[in-house]
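K.L.:
Pasting a structure below so you can have a look.
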Amino acid sequence: MSDASQTSPWPLRSLLFVPAHRGDWVEKSARVEPDGVILDLEDAVVPDRKAGAREAIAGNIATLAAAGIAPLVRINALADGAALDVQHVVARGLEAVVLPKVNGPEDVAELDRMLSEAEAAAGMPQRGVGIVPLPETARGLWLSYETAAASDRVRGLMGPVSGPTSGDVAKSFGYQPSMDGEEQLYLQSRTILASRAAGGHHPLACVFGTPLDDLNAVEMLATRACRLGFTGVAAIHPSHVPVINRVFRPSEERIEYAGALLEALKVANEAGEGAVRFRGKMIDAAMAAEARAVLAEAKARARAGMSGHAGMPG
């Protein structure tokens, strides 16, 4: 997936965190059809299991890539073993590396350097592996634009869209998370804008902080992430992935509206008009880009539905 000759899988609408040492979970992840899987070498793996997880990671990357699922890896922070992680995770098929506890642009620049060395050592195309920075310190959150602009590998920043559970970002920022999320909106919007302004056009939300079986709460947070401008959501439980897929899939009504809008603009343009009344509203070329994006997404989802993932054993 990281080879230049292959079509980019971005935007990744749904991603699933899977502990990097659980090969059985990696194989089962295809059943819920995520766009990507984040093999987690950080929080999900206790210290005495990390060595084994590193040894297994290349095989898990290959398994996911063969199934048509984009493989990402969340490595440990730079001060906690990232260099050793990179030596093992840079393998053919790897789409991107998620870097946690980012404290500023210098962290991304250092990871960029390590990835270039690892790509060369593995005989892989240069600059094929992306970076998804996860700022989790107050300084890192403040320097979100500079962080996203620190490397052309950055696909987008990752940030939380949380229920009432406090994590590293909440502690660093100082807010107390709630289900209505008002206290998080500034940070989330700033993360999205900084990411896009710096060229990381695919900011990702990490949805958590709800009971695992409360799918209505997951849907509410995923919908919030989508409306704010995140292009995809990472989940921590397989049951959340179909919910996220549904949220990010254009509805039939939205698809019909987009097609009709483009047809109305086409007729208006052929008549020499740049703007036209459409279903009680004035529309012009500024609305066309979003309509085309909706139709492109619908076509991509239809193709994926027809072909399906390559499938996995089990």
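Letters A, B, ... mark the chains of the structure tokens in the order given; residue numbers begin at 1 per chain; ligand numbers begin at 1, in order shown.
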Might you pull out every residue within 8 Å of stretch 135-152 of chain A, with only C-alpha atoms counted and same-chain residues fewer than 4 positions away left off, and present them as a list in words?
P.N.:
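So, after excluding close chain neighbours, the residues are Pro100, Lys101, Val102, Asn103, Gly104, Pro105, Glu106, Val108, Ala109, Asp112, Gly156, Leu157, Met158, Gly159, Asp168, Val169, Ser172, Phe173, Thr191, Ala194, Ser195, Ala197, Ala198, Gly199 and Gly200 of chain A.
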K.L.:
Write out as a ChimeraX atom specification which residues come within 8 Å of stretch 185-190 of chain A when counting only C-alpha atoms, dropping same-chain ones fewer than 6 positions away.
P.N.:
/A:159-161,228-229
K.L.:
For the structure I just gave you, how does DSSP split stretch 67-267 of chain A - specifically, which residues are alpha helix (DSSP H)? Reply as an NGL selection string.
P.N.:
:A and (82-89 or 105-122 or 138-142 or 144-148 or 168-173 or 185-197 or 215-228 or 240-248 or 252-267)
K.L.:
Find the spatial neighbours of stretch 27-32 of chain A, counting only C-alpha atoms, within a cut-off of 12 Å - ignore same-chain residues fewer than 4 positions away - and output them as an NGL selection string.
P.N.:
:A and (14-23 or 36-39 or 59-71 or 235-246 or 308-314)
K.L.:
What would the file look like if the residues just selected were written as a short mmCIF file (atom, residue, chain, number, x, y, z; two decimals), in the first residue's frame with C-alpha atoms?
P.N.:
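selection-v3.cif, written as the output of this step:
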```cif
data_model
loop_
_atom_site.label_atom_id
_atom_site.label_comp_id
_atom_site.auth_asym_id
_atom_site.auth_seq_id
_atom_site.Cartn_x
_atom_site.Cartn_y
_atom_site.Cartn_z
CA SER A 14 -12.84 3.50 9.85
CA LEU A 15 -9.86 2.13 11.73
CA LEU A 16 -9.59 -0.43 14.51
CA PHE A 17 -6.92 -0.56 17.20
CA VAL A 18 -5.63 -4.12 17.65
CA PRO A 19 -2.87 -5.15 20.10
CA ALA A 20 0.17 -5.88 17.95
CA HIS A 21 0.89 -9.18 19.71
CA ARG A 22 -2.61 -10.61 19.07
CA GLY A 23 -2.28 -12.22 15.68
CA GLY A 36 -7.53 0.24 8.29
CA VAL A 37 -6.15 -1.51 11.37
CA ILE A 38 -3.78 0.20 13.80
CA LEU A 39 -1.46 -2.45 15.22
CA GLY A 59 3.64 -10.86 9.38
CA ASN A 60 0.58 -9.04 10.69
CA ILE A 61 1.19 -6.16 8.28
CA ALA A 62 1.36 -8.62 5.38
CA THR A 63 -1.85 -10.34 6.51
CA LEU A 64 -3.76 -7.07 6.62
CA ALA A 65 -2.38 -5.80 3.30
CA ALA A 66 -3.33 -9.06 1.60
CA ALA A 67 -6.89 -8.61 2.89
CA GLY A 68 -7.17 -5.11 1.44
CA ILE A 69 -7.03 -3.46 4.88
CA ALA A 70 -4.56 -0.60 5.32
CA PRO A 71 -2.01 -1.54 8.02
CA ALA A 235 -12.21 2.66 17.33
CA ILE A 236 -11.09 0.47 20.20
CA HIS A 237 -13.64 -2.34 19.80
CA PRO A 238 -14.69 -4.34 16.71
CA SER A 239 -18.40 -3.71 17.32
CA HIS A 240 -17.79 0.01 16.78
CA VAL A 241 -16.48 -0.35 13.23
CA PRO A 242 -19.83 -1.04 11.47
CA VAL A 243 -21.28 1.97 13.28
CA ILE A 244 -18.46 4.19 12.02
CA ASN A 245 -18.78 2.80 8.50
CA ARG A 246 -22.48 3.67 8.53
CA GLY A 308 -15.12 -6.99 -0.64
CA HIS A 309 -11.97 -7.50 1.37
CA ALA A 310 -9.74 -10.29 0.26
CA GLY A 311 -10.69 -12.12 3.43
CA MET A 312 -8.74 -13.83 6.16
CA PRO A 313 -8.62 -17.29 7.62
CA GLY A 314 -10.75 -18.04 10.66
#
```
K.L.:
What does the distance between atom CA of A:Ile255 and atom CA of A:Arg301 come to in Å, to one decimal place?
P.N.:
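Separation of atom CA of A:Ile255 and atom CA of A:Arg301: 12.0 Å.
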K.L.:
I need the residues of stretch 46-237 of chain A that end up classed as strand (DSSP E) by DSSP on the backbone, written out as a PyMOL selection string.
P.N.:
chain A and resi 70-74+96-102+130-135+158-162+204-208+232-235
K.L.:
Mind running stretch 76-107 of chain A against stretch 9-13 of chain A at 12 Å and telling me each contacting residue's nearest atom pair with the distance in Å (one decimal), counting only C-alpha atoms, chain and number ascending, as JSON lines?
P.N.:
```
{"residue": "A:Gly93", "atom": "CA", "partner": "A:Pro9", "partner_atom": "CA", "distance": 11.7}
{"residue": "A:Leu94", "atom": "CA", "partner": "A:Pro9", "partner_atom": "CA", "distance": 11.7}
{"residue": "A:Glu95", "atom": "CA", "partner": "A:Pro9", "partner_atom": "CA", "distance": 8.7}
{"residue": "A:Ala96", "atom": "CA", "partner": "A:Trp10", "partner_atom": "CA", "distance": 10.8}
```
K.L.:
May I have the residues within 7 Å of stretch 289-297 of chain A as JSON, numbers by chain, using only C-alpha atoms and disregarding those fewer than 5 positions away in the same chain?
P.N.:
{"A": [250, 255, 258, 262]}
K.L.:
Only N, CA and C atoms, please: the residues just picked out, written as a tab-separated table (two decimals), in the first residue's frame.
P.N.:
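File again.tsv, as written:
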```tsv
chain	number	residue	atom	x	y	z
A	250	PRO	N	-22.12	7.91	2.66
A	250	PRO	CA	-23.16	8.87	2.23
A	250	PRO	C	-24.53	8.19	2.15
A	255	ILE	N	-26.75	11.27	-1.65
A	255	ILE	CA	-26.25	10.92	-2.98
A	255	ILE	C	-27.19	11.48	-4.05
A	258	ALA	N	-26.79	15.26	-4.28
A	258	ALA	CA	-25.55	15.67	-4.95
A	258	ALA	C	-25.65	15.52	-6.45
A	262	LEU	N	-25.57	18.70	-9.20
A	262	LEU	CA	-24.61	18.82	-10.30
A	262	LEU	C	-25.32	18.92	-11.65
```
K.L.:
Counting only C-alpha atoms, what is within 10 Å of A:Val247, bar same-chain residues fewer than 6 positions away, as a ChimeraX atom specification?
P.N.:
/A:13-14,219-220,222-227,232-233,241
K.L.:
As number ranges by chain, please: the residues near stretch 49-55 of chain A (cut-off 8 Å, only C-alpha atoms, same-chain neighbours under 4 positions excluded).
P.N.:
A: 20-21, 41, 45, 85, 88-89
K.L.:
May I have the residues from that selection written out with C-alpha atoms, as a short mmCIF file (atom, residue, chain, number, x, y, z; two decimals), in the first residue's frame?
P.N.:
```cif
data_model
loop_
_atom_site.label_atom_id
_atom_site.label_comp_id
_atom_site.auth_asym_id
_atom_site.auth_seq_id
_atom_site.Cartn_x
_atom_site.Cartn_y
_atom_site.Cartn_z
CA ALA A 20 0.17 -5.88 17.95
CA HIS A 21 0.89 -9.18 19.71
CA LEU A 41 2.75 -1.47 20.09
CA VAL A 45 1.17 -4.28 24.89
CA ASP A 85 9.96 -0.23 16.90
CA HIS A 88 10.74 -3.86 12.93
CA VAL A 89 7.62 -2.17 11.58
#
```
K.L.:
To one decimal place in Å, what is the distance between atom CA of A:Met114 and atom CA of A:Ile131?
P.N.:
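About the pair atom CA of A:Met114 and atom CA of A:Ile131: they are 11.6 Å apart.
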